[in-house]
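Shown next: model.cif, containing mmCIF, C-alpha atoms.
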data_final
#
loop_
_atom_site.group_PDB
_atom_site.id
_atom_site.type_symbol
_atom_site.label_atom_id
_atom_site.label_comp_id
_atom_site.auth_asym_id
_atom_site.auth_seq_id
_atom_site.Cartn_x
_atom_site.Cartn_y
_atom_site.Cartn_z
ATOM 1 C CA MET F 8 -26.836 -1.486 -10.869
ATOM 2 C CA VAL F 9 -23.806 -2.446 -12.928
ATOM 3 C CA ASP F 10 -21.781 -0.248 -10.609
ATOM 4 C CA VAL F 11 -22.963 -2.179 -7.587
ATOM 5 C CA VAL F 12 -22.019 -5.531 -9.114
ATOM 6 C CA VAL F 13 -18.581 -4.289 -10.174
ATOM 7 C CA PHE F 14 -18.025 -2.734 -6.754
ATOM 8 C CA ALA F 15 -19.014 -5.989 -5.033
ATOM 9 C CA ILE F 16 -16.695 -8.140 -7.148
ATOM 10 C CA ALA F 17 -13.796 -5.701 -6.868
ATOM 11 C CA SER F 18 -14.150 -5.315 -3.115
ATOM 12 C CA VAL F 19 -14.209 -9.093 -2.662
ATOM 13 C CA ILE F 20 -10.951 -9.252 -4.652
ATOM 14 C CA VAL F 21 -9.436 -6.394 -2.651
ATOM 15 C CA LEU F 22 -10.336 -7.834 0.744
ATOM 16 C CA GLY F 23 -9.513 -11.402 -0.291
ATOM 17 C CA GLY F 24 -6.098 -10.254 -1.481
ATOM 18 C CA GLY F 25 -5.593 -8.352 1.756
ATOM 19 C CA LEU F 26 -6.535 -11.393 3.825
ATOM 20 C CA GLY F 27 -4.135 -13.458 1.732
ATOM 21 C CA VAL F 28 -1.269 -11.053 2.421
ATOM 22 C CA ILE F 29 -1.703 -11.262 6.171
ATOM 23 C CA SER F 30 -2.398 -14.993 6.372
ATOM 24 C CA PHE F 31 -0.295 -16.845 3.778
ATOM 25 C CA ARG F 32 2.761 -18.362 5.371
ATOM 26 C CA ASN F 33 4.865 -18.252 2.234
ATOM 27 C CA PRO F 34 5.969 -14.693 1.304
ATOM 28 C CA VAL F 35 5.686 -15.509 -2.420
ATOM 29 C CA HIS F 36 1.999 -16.323 -1.971
ATOM 30 C CA ALA F 37 1.555 -13.153 0.063
ATOM 31 C CA ALA F 38 3.102 -11.125 -2.783
ATOM 32 C CA LEU F 39 0.775 -12.755 -5.306
ATOM 33 C CA SER F 40 -2.299 -11.943 -3.228
ATOM 34 C CA LEU F 41 -0.967 -8.398 -2.956
ATOM 35 C CA ILE F 42 -1.162 -8.234 -6.773
ATOM 36 C CA ALA F 43 -4.804 -9.347 -6.621
ATOM 37 C CA SER F 44 -5.548 -6.658 -4.077
ATOM 38 C CA PHE F 45 -3.856 -3.980 -6.208
ATOM 39 C CA PHE F 46 -5.852 -5.038 -9.258
ATOM 40 C CA GLY F 47 -9.065 -4.794 -7.281
ATOM 41 C CA VAL F 48 -8.168 -1.259 -6.217
ATOM 42 C CA ALA F 49 -7.406 -0.414 -9.858
ATOM 43 C CA VAL F 50 -10.888 -1.591 -10.828
ATOM 44 C CA LEU F 51 -12.361 0.629 -8.121
ATOM 45 C CA PHE F 52 -10.343 3.572 -9.489
ATOM 46 C CA ILE F 53 -11.833 2.971 -12.935
ATOM 47 C CA LEU F 54 -15.276 2.808 -11.370
ATOM 48 C CA GLN F 55 -14.640 6.301 -9.987
ATOM 49 C CA GLU F 56 -13.377 7.537 -13.354
ATOM 50 C CA ALA F 57 -9.779 7.921 -12.263
ATOM 51 C CA HIS F 58 -8.489 6.127 -15.354
ATOM 52 C CA PHE F 59 -4.937 7.412 -15.270
ATOM 53 C CA LEU F 60 -4.513 6.463 -11.628
ATOM 54 C CA ALA F 61 -5.871 2.991 -12.363
ATOM 55 C CA LEU F 62 -3.255 2.584 -15.091
ATOM 56 C CA VAL F 63 -0.469 3.835 -12.838
ATOM 57 C CA GLN F 64 -1.728 1.568 -10.070
ATOM 58 C CA VAL F 65 -1.335 -1.479 -12.289
ATOM 59 C CA VAL F 66 1.995 -0.452 -13.823
ATOM 60 C CA VAL F 67 3.720 0.862 -10.699
ATOM 61 C CA TYR F 68 2.198 -1.208 -7.905
ATOM 62 C CA ALA F 69 1.194 -4.513 -9.469
ATOM 63 C CA GLY F 70 4.116 -4.277 -11.870
ATOM 64 C CA ALA F 71 7.178 -2.631 -10.409
ATOM 65 C CA VAL F 72 6.664 -2.787 -6.651
ATOM 66 C CA VAL F 73 5.510 -6.410 -6.433
ATOM 67 C CA VAL F 74 8.195 -7.532 -8.889
ATOM 68 C CA LEU F 75 10.714 -5.815 -6.628
ATOM 69 C CA PHE F 76 9.279 -7.731 -3.674
ATOM 70 C CA LEU F 77 9.440 -11.049 -5.531
ATOM 71 C CA PHE F 78 12.950 -10.252 -6.706
ATOM 72 C CA VAL F 79 14.141 -9.671 -3.153
ATOM 73 C CA ILE F 80 12.358 -12.811 -1.919
ATOM 74 C CA MET F 81 14.093 -14.898 -4.574
ATOM 75 C CA LEU F 82 17.447 -13.132 -4.195
ATOM 76 C CA LEU F 83 17.592 -13.747 -0.469
ATOM 77 C CA GLY F 84 16.278 -17.271 -0.605
ATOM 78 C CA VAL F 85 13.754 -16.391 2.081
ATOM 79 C CA ASP F 86 10.922 -18.031 0.199
ATOM 80 C CA ARG F 87 10.494 -20.501 3.002
ATOM 81 C CA ALA F 88 7.357 -20.547 5.065
ATOM 82 C CA GLU F 89 7.179 -18.540 8.247
ATOM 83 C CA ASP F 90 5.873 -20.380 11.263
ATOM 84 C CA VAL F 91 2.715 -18.404 11.931
ATOM 85 C CA SER F 92 1.464 -20.687 14.692
ATOM 86 C CA THR F 93 3.812 -19.386 17.384
ATOM 87 C CA GLU F 94 3.417 -16.094 19.113
ATOM 88 C CA PRO F 95 6.812 -14.619 20.027
ATOM 89 C CA ILE F 96 5.164 -12.072 22.290
ATOM 90 C CA VAL F 97 2.417 -13.421 24.526
ATOM 91 C CA GLY F 98 -0.958 -12.050 23.487
ATOM 92 C CA GLN F 99 0.468 -10.284 20.436
ATOM 93 C CA ARG F 100 -2.261 -11.592 18.164
ATOM 94 C CA SER F 101 -5.143 -10.491 20.345
ATOM 95 C CA LEU F 102 -3.532 -7.138 21.116
ATOM 96 C CA ALA F 103 -3.011 -6.552 17.401
ATOM 97 C CA ALA F 104 -6.599 -7.555 16.683
ATOM 98 C CA ALA F 105 -7.773 -5.126 19.350
ATOM 99 C CA GLY F 106 -5.602 -2.354 17.872
ATOM 100 C CA ALA F 107 -6.798 -2.977 14.331
ATOM 101 C CA GLY F 108 -10.390 -3.161 15.548
ATOM 102 C CA LEU F 109 -9.948 0.164 17.309
ATOM 103 C CA ILE F 110 -8.620 1.737 14.099
ATOM 104 C CA LEU F 111 -11.612 0.359 12.212
ATOM 105 C CA LEU F 112 -14.050 1.626 14.848
ATOM 106 C CA LEU F 113 -12.482 5.085 14.818
ATOM 107 C CA ALA F 114 -12.645 5.268 11.030
ATOM 108 C CA LEU F 115 -16.228 4.055 10.810
ATOM 109 C CA GLY F 116 -17.257 6.214 13.767
ATOM 110 C CA GLY F 117 -15.748 9.268 12.121
ATOM 111 C CA LEU F 118 -17.515 8.368 8.923
ATOM 112 C CA PHE F 119 -20.992 7.740 10.302
ATOM 113 C CA LEU F 120 -21.233 9.838 13.439
ATOM 114 C CA SER F 121 -19.578 13.125 12.570
ATOM 115 C CA GLY F 122 -21.421 16.017 11.016
ATOM 116 C CA PRO F 123 -25.089 16.457 10.385
ATOM 117 C CA GLY F 124 -25.530 14.145 7.432
ATOM 118 C CA GLY F 125 -24.425 10.709 8.625
ATOM 119 C CA ASP F 126 -24.789 9.146 5.214
ATOM 120 C CA ASP F 127 -23.050 11.921 3.321
ATOM 121 C CA GLY F 128 -19.730 10.736 4.667
ATOM 122 C CA ALA F 129 -17.213 12.717 2.661
ATOM 123 C CA VAL F 130 -18.912 16.035 3.202
ATOM 124 C CA ALA F 131 -19.372 15.217 6.889
ATOM 125 C CA LEU F 132 -15.659 14.476 7.307
ATOM 126 C CA THR F 133 -14.192 17.380 5.391
ATOM 127 C CA GLY F 134 -16.860 20.063 5.608
ATOM 128 C CA GLN F 135 -18.615 21.613 2.695
ATOM 129 C CA PRO F 136 -17.199 20.961 -0.752
ATOM 130 C CA GLY F 137 -14.991 23.896 -1.628
ATOM 131 C CA ALA F 138 -13.080 22.563 -4.568
ATOM 132 C CA VAL F 139 -9.700 24.179 -5.218
ATOM 133 C CA THR F 140 -9.450 22.542 -8.626
ATOM 134 C CA PRO F 141 -12.939 21.360 -9.517
ATOM 135 C CA LEU F 142 -13.297 18.406 -11.835
ATOM 136 C CA ASP F 143 -14.387 19.372 -15.322
ATOM 137 C CA GLU F 144 -15.399 17.577 -18.469
ATOM 138 C CA SER F 145 -11.919 17.030 -19.934
ATOM 139 C CA SER F 146 -10.203 13.682 -19.439
ATOM 140 C CA ASP F 147 -8.794 12.945 -16.026
ATOM 141 C CA ILE F 148 -5.228 12.633 -17.330
ATOM 142 C CA GLU F 149 -5.486 16.139 -18.797
ATOM 143 C CA GLN F 150 -6.802 17.579 -15.546
ATOM 144 C CA LEU F 151 -4.173 15.759 -13.515
ATOM 145 C CA ALA F 152 -1.399 16.995 -15.804
ATOM 146 C CA ARG F 153 -2.653 20.556 -15.557
ATOM 147 C CA ASP F 154 -2.768 20.312 -11.786
ATOM 148 C CA LEU F 155 0.644 18.656 -11.423
ATOM 149 C CA PHE F 156 2.457 21.055 -13.718
ATOM 150 C CA THR F 157 0.901 24.253 -12.407
ATOM 151 C CA ARG F 158 -0.329 24.185 -8.826
ATOM 152 C CA ASN F 159 1.830 21.274 -7.642
ATOM 153 C CA ILE F 160 4.918 21.893 -9.737
ATOM 154 C CA LEU F 161 7.173 22.279 -6.698
ATOM 155 C CA ALA F 162 5.983 19.018 -5.163
ATOM 156 C CA PHE F 163 6.393 17.347 -8.546
ATOM 157 C CA GLU F 164 10.018 18.470 -8.757
ATOM 158 C CA ALA F 165 10.532 17.302 -5.192
ATOM 159 C CA THR F 166 9.355 13.799 -6.113
ATOM 160 C CA ALA F 167 12.005 13.706 -8.835
ATOM 161 C CA LEU F 168 14.620 14.558 -6.221
ATOM 162 C CA LEU F 169 13.142 11.970 -3.840
ATOM 163 C CA LEU F 170 13.323 9.195 -6.431
ATOM 164 C CA THR F 171 16.938 10.089 -7.230
ATOM 165 C CA ILE F 172 17.862 10.017 -3.557
ATOM 166 C CA ALA F 173 16.074 6.685 -3.096
ATOM 167 C CA THR F 174 17.919 5.154 -6.054
ATOM 168 C CA VAL F 175 21.315 6.360 -4.853
ATOM 169 C CA GLY F 176 20.495 5.228 -1.324
ATOM 170 C CA ALA F 177 19.523 1.754 -2.494
ATOM 171 C CA VAL F 178 22.742 1.387 -4.484
ATOM 172 C CA VAL F 179 24.848 2.530 -1.539
ATOM 173 C CA LEU F 180 23.022 0.226 0.886
ATOM 174 C CA VAL F 181 23.318 -2.974 -1.114
ATOM 175 C CA ARG F 182 26.802 -2.360 -2.456
ATOM 176 C CA ASN F 183 28.962 -5.331 -1.611
ATOM 177 C CA GLN F 184 31.759 -3.956 0.519
ATOM 178 C CA GLY F 185 34.239 -6.805 0.373
ATOM 179 C CA GLY F 186 31.775 -9.252 1.875
ATOM 180 C CA GLU F 187 30.937 -12.675 0.553
ATOM 181 C CA ASP F 188 29.134 -12.903 -2.736
ATOM 182 C CA LEU F 189 25.502 -13.885 -2.731
ATOM 183 C CA VAL F 190 24.893 -17.290 -4.225
ATOM 184 C CA ILE F 191 22.282 -16.435 -6.812
ATOM 185 C CA ASP F 192 23.255 -18.616 -9.767
ATOM 186 C CA ASP F 193 22.373 -21.923 -8.204
ATOM 187 C CA PRO F 194 18.688 -22.088 -7.346
ATOM 188 C CA GLY F 195 19.239 -25.092 -5.136
ATOM 189 C CA THR F 196 21.309 -23.352 -2.487
ATOM 190 C CA SER F 197 20.553 -20.375 -0.361
ATOM 191 C CA ILE F 198 23.146 -18.181 1.262
ATOM 192 C CA HIS F 199 23.293 -20.136 4.482
ATOM 193 C CA MET U 5 -29.149 1.094 -5.414
ATOM 194 C CA GLU U 6 -26.168 3.233 -6.128
ATOM 195 C CA VAL U 7 -22.533 3.114 -5.106
ATOM 196 C CA THR U 8 -21.856 6.141 -2.918
ATOM 197 C CA GLU U 9 -18.554 7.341 -1.541
ATOM 198 C CA THR U 10 -19.518 5.900 1.854
ATOM 199 C CA TRP U 11 -19.120 2.407 0.407
ATOM 200 C CA TYR U 12 -15.605 3.199 -0.761
ATOM 201 C CA LEU U 13 -14.718 4.748 2.583
ATOM 202 C CA VAL U 14 -15.959 1.716 4.518
ATOM 203 C CA LEU U 15 -14.011 -0.620 2.233
ATOM 204 C CA SER U 16 -10.961 1.577 2.655
ATOM 205 C CA ALA U 17 -11.284 1.501 6.457
ATOM 206 C CA VAL U 18 -11.554 -2.296 6.462
ATOM 207 C CA LEU U 19 -8.543 -2.659 4.168
ATOM 208 C CA PHE U 20 -6.520 -0.256 6.317
ATOM 209 C CA SER U 21 -7.324 -2.254 9.462
ATOM 210 C CA LEU U 22 -6.371 -5.497 7.711
ATOM 211 C CA GLY U 23 -3.015 -3.998 6.790
ATOM 212 C CA ALA U 24 -2.503 -2.683 10.318
ATOM 213 C CA PHE U 25 -3.300 -6.098 11.797
ATOM 214 C CA GLY U 26 -0.846 -7.773 9.445
ATOM 215 C CA LEU U 27 1.832 -5.234 10.243
ATOM 216 C CA MET U 28 1.455 -5.911 13.967
ATOM 217 C CA THR U 29 1.448 -9.714 13.718
ATOM 218 C CA ARG U 30 3.754 -10.803 10.896
ATOM 219 C CA ARG U 31 7.455 -11.117 11.575
ATOM 220 C CA ASN U 32 8.882 -11.451 8.087
ATOM 221 C CA PRO U 33 10.054 -7.918 7.192
ATOM 222 C CA LEU U 34 9.044 -8.401 3.549
ATOM 223 C CA VAL U 35 5.483 -9.323 4.481
ATOM 224 C CA MET U 36 5.388 -6.357 6.842
ATOM 225 C CA PHE U 37 6.278 -4.088 3.920
ATOM 226 C CA MET U 38 3.441 -5.662 1.940
ATOM 227 C CA CYS U 39 1.072 -4.802 4.769
ATOM 228 C CA VAL U 40 2.275 -1.197 4.669
ATOM 229 C CA GLU U 41 1.505 -1.197 0.946
ATOM 230 C CA LEU U 42 -2.001 -2.450 1.727
ATOM 231 C CA MET U 43 -2.532 0.433 4.136
ATOM 232 C CA LEU U 44 -1.231 2.941 1.584
ATOM 233 C CA ASN U 45 -3.626 1.504 -0.969
ATOM 234 C CA ALA U 46 -6.541 1.858 1.406
ATOM 235 C CA VAL U 47 -5.686 5.520 1.849
ATOM 236 C CA ASN U 48 -5.349 5.976 -1.921
ATOM 237 C CA LEU U 49 -8.794 4.494 -2.340
ATOM 238 C CA SER U 50 -10.304 6.953 0.098
ATOM 239 C CA PHE U 51 -8.442 9.854 -1.544
ATOM 240 C CA VAL U 52 -10.031 9.008 -4.886
ATOM 241 C CA ALA U 53 -13.444 8.586 -3.247
ATOM 242 C CA PHE U 54 -13.115 12.015 -1.628
ATOM 243 C CA ALA U 55 -11.970 13.535 -4.924
ATOM 244 C CA ASN U 56 -15.123 12.220 -6.545
ATOM 245 C CA ALA U 57 -17.462 13.142 -3.718
ATOM 246 C CA LEU U 58 -16.173 16.662 -3.232
ATOM 247 C CA ASP U 59 -15.657 17.252 -6.953
ATOM 248 C CA ASP U 60 -12.041 18.247 -6.353
ATOM 249 C CA LEU U 61 -9.024 17.045 -8.290
ATOM 250 C CA ALA U 62 -6.678 17.537 -5.317
ATOM 251 C CA GLY U 63 -7.473 14.040 -4.062
ATOM 252 C CA GLN U 64 -6.258 12.468 -7.276
ATOM 253 C CA SER U 65 -3.084 14.552 -7.188
ATOM 254 C CA ALA U 66 -2.477 13.350 -3.645
ATOM 255 C CA VAL U 67 -2.738 9.737 -4.819
ATOM 256 C CA PHE U 68 -0.066 10.452 -7.410
ATOM 257 C CA PHE U 69 2.334 11.699 -4.752
ATOM 258 C CA VAL U 70 1.508 8.810 -2.422
ATOM 259 C CA LEU U 71 2.434 6.429 -5.251
ATOM 260 C CA VAL U 72 5.822 8.084 -5.699
ATOM 261 C CA VAL U 73 6.604 8.129 -1.997
ATOM 262 C CA ALA U 74 5.507 4.498 -1.656
ATOM 263 C CA ALA U 75 7.819 3.459 -4.479
ATOM 264 C CA ALA U 76 10.749 5.300 -2.892
ATOM 265 C CA GLU U 77 9.934 3.789 0.497
ATOM 266 C CA VAL U 78 9.864 0.266 -0.911
ATOM 267 C CA VAL U 79 13.197 0.763 -2.665
ATOM 268 C CA VAL U 80 14.990 2.014 0.443
ATOM 269 C CA GLY U 81 13.243 -0.428 2.778
ATOM 270 C CA LEU U 82 14.009 -3.467 0.666
ATOM 271 C CA SER U 83 17.638 -2.491 0.302
ATOM 272 C CA ILE U 84 17.910 -2.216 4.087
ATOM 273 C CA VAL U 85 16.348 -5.696 4.330
ATOM 274 C CA VAL U 86 18.840 -7.037 1.767
ATOM 275 C CA ALA U 87 21.747 -5.488 3.655
ATOM 276 C CA ILE U 88 20.608 -7.024 6.951
ATOM 277 C CA MET U 89 19.712 -10.427 5.490
ATOM 278 C CA ARG U 90 23.149 -10.610 3.976
ATOM 279 C CA ARG U 91 24.732 -10.459 7.418
ATOM 280 C CA GLN U 92 22.102 -12.616 9.111
ATOM 281 C CA PRO U 93 20.254 -14.853 6.670
ATOM 282 C CA ASP U 94 17.619 -15.901 9.197
ATOM 283 C CA ALA U 95 16.762 -12.476 10.515
ATOM 284 C CA THR U 96 13.217 -11.677 11.521
ATOM 285 C CA VAL U 97 12.258 -8.204 12.684
ATOM 286 C CA ASP U 98 13.208 -9.197 16.221
ATOM 287 C CA GLU U 99 16.840 -9.254 15.164
ATOM 288 C CA PHE U 100 16.572 -5.774 13.664
ATOM 289 C CA ALA U 101 16.952 -4.447 17.203
ATOM 290 C CA GLU U 102 20.667 -4.735 16.689
ATOM 291 C CA MET U 103 20.441 -1.724 14.383
ATOM 292 C CA ARG U 104 20.480 0.323 17.584
ATOM 293 C CA GLY U 105 23.516 2.578 17.444
#
Final structure tokens representation of the file:
Amino acid sequence: MVDVVVFAIASVIVLGGGLGVISFRNPVHAALSLIASFFGVAVLFILQEAHFLALVQVVVYAGAVVVLFLFVIMLLGVDRAEDVSTEPIVGQRSLAAAGAGLILLLALGGLFLSGPGGDDGAVALTGQPGAVTPLDESSDIEQLARDLFTRNILAFEATALLLTIATVGAVVLVRNQGGEDLVIDDPGTSIH
Amino acid sequence: MEVTETWYLVLSAVLFSLGAFGLMTRRNPLVMFMCVELMLNAVNLSFVAFANALDDLAGQSAVFFVLVVAAAEVVVGLSIVVAIMRRQPDATVDEFAEMRG
């Protein structure tokens, strides 16, 4: 019963945050609702006993990624509201709603219609459970570490390479090649 | 009443559709990136639900790698946005068409 209450509260936070991201006109507000959504997902991770992932979710997503977003918003001075009342492409809104609704229908249809047991969604979608690395009684961080450093060691090394490439790429992309300096010291002026 | 993985999967589907809708309607590139993050989070949520339901750690490992790739994607994407905004301070995604070679 406690689970149900926690799930309900967390899913309201997740969906409310998501709605905020797509509807707030000011990007700063959108970023803040994104944090709310990430926290809700972290709570749901804890509810499913993925404690390490919940921690990483808060530190990496709600911490680093959103701070990066806010930093770029402030740096560029684009913290002005977007006019969300106009539609640059005629019918874009309704087409997008139809597309998103189709995605939702496909996902829910796959979940409830496929396989013999409609309610046993996960098994219906992926077949019988045939765990490669079954969960055991040790803590989830221990199991995850064992999995990452044995079975997935190559992928783990590849992520290190990926992060290095991303860092170098970011530095190269934003390097100021003799252009005008950004005005970032004076909060009252933007670059235009 | 008990929380089953179906609940998580339904929530994940709704969150994914929200993100997709936002991605198709918003024009500010930063907000579009946020919508992509929402979609990635929805998928992470379903990965963890599957890991629990099928009693398999592979789902949790997948979430770990999704996190890393998402961080790298945000870093590169935002630096592209910074580079473009520097040339054209008022750019929306419509102006990004000039990236054509």
Counting all atoms listed in the file, the residue of U:Leu44, U:Met89, U:Leu61, U:Val72 that sits nearest Leu22 (chain U) | U:Leu44
Find the residues of chain U that sit at most 6 Å from chain F; for each, write down the nearest two atoms and how far apart they are in Å, to one decimal. Count all atoms listed in the file. Sort by chain, then by number going up, and give it as JSON lines.
{"residue": "U:Val7", "atom": "CA", "partner": "F:Val11", "partner_atom": "CA", "distance": 5.9}
{"residue": "U:Thr10", "atom": "CA", "partner": "F:Gly128", "partner_atom": "CA", "distance": 5.6}
{"residue": "U:Ala17", "atom": "CA", "partner": "F:Leu111", "partner_atom": "CA", "distance": 5.9}
{"residue": "U:Ser21", "atom": "CA", "partner": "F:Ala107", "partner_atom": "CA", "distance": 5.0}
{"residue": "U:Ala24", "atom": "CA", "partner": "F:Ala107", "partner_atom": "CA", "distance": 5.9}
{"residue": "U:Phe25", "atom": "CA", "partner": "F:Ala107", "partner_atom": "CA", "distance": 5.3}
{"residue": "U:Gly26", "atom": "CA", "partner": "F:Ile29", "partner_atom": "CA", "distance": 4.9}
{"residue": "U:Met28", "atom": "CA", "partner": "F:Ala103", "partner_atom": "CA", "distance": 5.7}
{"residue": "U:Phe54", "atom": "CA", "partner": "F:Ala129", "partner_atom": "CA", "distance": 6.0}
{"residue": "U:Leu58", "atom": "CA", "partner": "F:Pro136", "partner_atom": "CA", "distance": 5.1}
{"residue": "U:Asp59", "atom": "CA", "partner": "F:Leu142", "partner_atom": "CA", "distance": 5.5}
{"residue": "U:Asp60", "atom": "CA", "partner": "F:Pro141", "partner_atom": "CA", "distance": 4.5}
{"residue": "U:Leu61", "atom": "CA", "partner": "F:Thr140", "partner_atom": "CA", "distance": 5.5}
{"residue": "U:Ala76", "atom": "CA", "partner": "F:Ala173", "partner_atom": "CA", "distance": 5.5}
{"residue": "U:Val80", "atom": "CA", "partner": "F:Ala177", "partner_atom": "CA", "distance": 5.4}
{"residue": "U:Ser83", "atom": "CA", "partner": "F:Ala177", "partner_atom": "CA", "distance": 5.4}
{"residue": "U:Ala87", "atom": "CA", "partner": "F:Val181", "partner_atom": "CA", "distance": 5.6}
Tell me, in Å to one decimal, how far CA of Gly81 (chain U) is from CA of Val40 (chain U).
-> 11.2 Å
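Around the point (0.4, 4.6, 0.0), within 9 Å and counting all atoms listed in the file, we find these residues: Val40, Glu41, Leu42, Met43, Leu44, Asn45, Ala46, Val47, Asn48, Val67, Phe69, Val70, Leu71, Val72, Val73, Ala74 and Ala75 of chain U.
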Grab the CA of Asn32 (chain U) to CA of Val85 (chain U) distance for me, in Å with one decimal place.
-> 10.1 Å
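For the pair CA of Ser145 (chain F) and CA of Leu49 (chain U), the separation is 21.8 Å.
Proximity to Glu9 (chain U) at 7 Å, evaluated using all atoms listed in the file and with sequence-adjacent residues fewer than 3 positions away removed, yields F:Ala129, U:Tyr12, U:Leu13, U:Ala53, U:Ala57.
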What does region 37-62 of chain U look like written to a file with C-alpha atoms, as a PDB file, in the first residue's frame?
ATOM      1  CA  PHE U  37      17.042  19.027 -25.875  1.00  0.00           C
ATOM      2  CA  MET U  38      15.129  18.944 -22.592  1.00  0.00           C
ATOM      3  CA  CYS U  39      12.359  17.026 -24.326  1.00  0.00           C
ATOM      4  CA  VAL U  40      14.912  14.518 -25.609  1.00  0.00           C
ATOM      5  CA  GLU U  41      16.095  14.106 -22.019  1.00  0.00           C
ATOM      6  CA  LEU U  42      12.502  13.427 -20.971  1.00  0.00           C
ATOM      7  CA  MET U  43      12.223  10.685 -23.579  1.00  0.00           C
ATOM      8  CA  LEU U  44      15.532   9.158 -22.476  1.00  0.00           C
ATOM      9  CA  ASN U  45      14.288   9.175 -18.902  1.00  0.00           C
ATOM     10  CA  ALA U  46      11.095   7.416 -19.890  1.00  0.00           C
ATOM     11  CA  VAL U  47      13.150   4.686 -21.524  1.00  0.00           C
ATOM     12  CA  ASN U  48      15.399   4.438 -18.455  1.00  0.00           C
ATOM     13  CA  LEU U  49      12.321   3.981 -16.320  1.00  0.00           C
ATOM     14  CA  SER U  50      11.096   1.111 -18.450  1.00  0.00           C
ATOM     15  CA  PHE U  51      14.573  -0.468 -18.474  1.00  0.00           C
ATOM     16  CA  VAL U  52      14.579  -0.558 -14.678  1.00  0.00           C
ATOM     17  CA  ALA U  53      11.014  -1.903 -14.626  1.00  0.00           C
ATOM     18  CA  PHE U  54      12.007  -4.689 -17.022  1.00  0.00           C
ATOM     19  CA  ALA U  55      15.116  -5.446 -14.961  1.00  0.00           C
ATOM     20  CA  ASN U  56      12.904  -5.909 -11.928  1.00  0.00           C
ATOM     21  CA  ALA U  57      10.186  -7.866 -13.687  1.00  0.00           C
ATOM     22  CA  LEU U  58      12.488 -10.254 -15.499  1.00  0.00           C
ATOM     23  CA  ASP U  59      14.910 -10.527 -12.580  1.00  0.00           C
ATOM     24  CA  ASP U  60      17.817  -9.561 -14.825  1.00  0.00           C
ATOM     25  CA  LEU U  61      20.506  -7.015 -14.057  1.00  0.00           C
ATOM     26  CA  ALA U  62      21.096  -6.239 -17.749  1.00  0.00           C
TER      27      ALA U  62
END
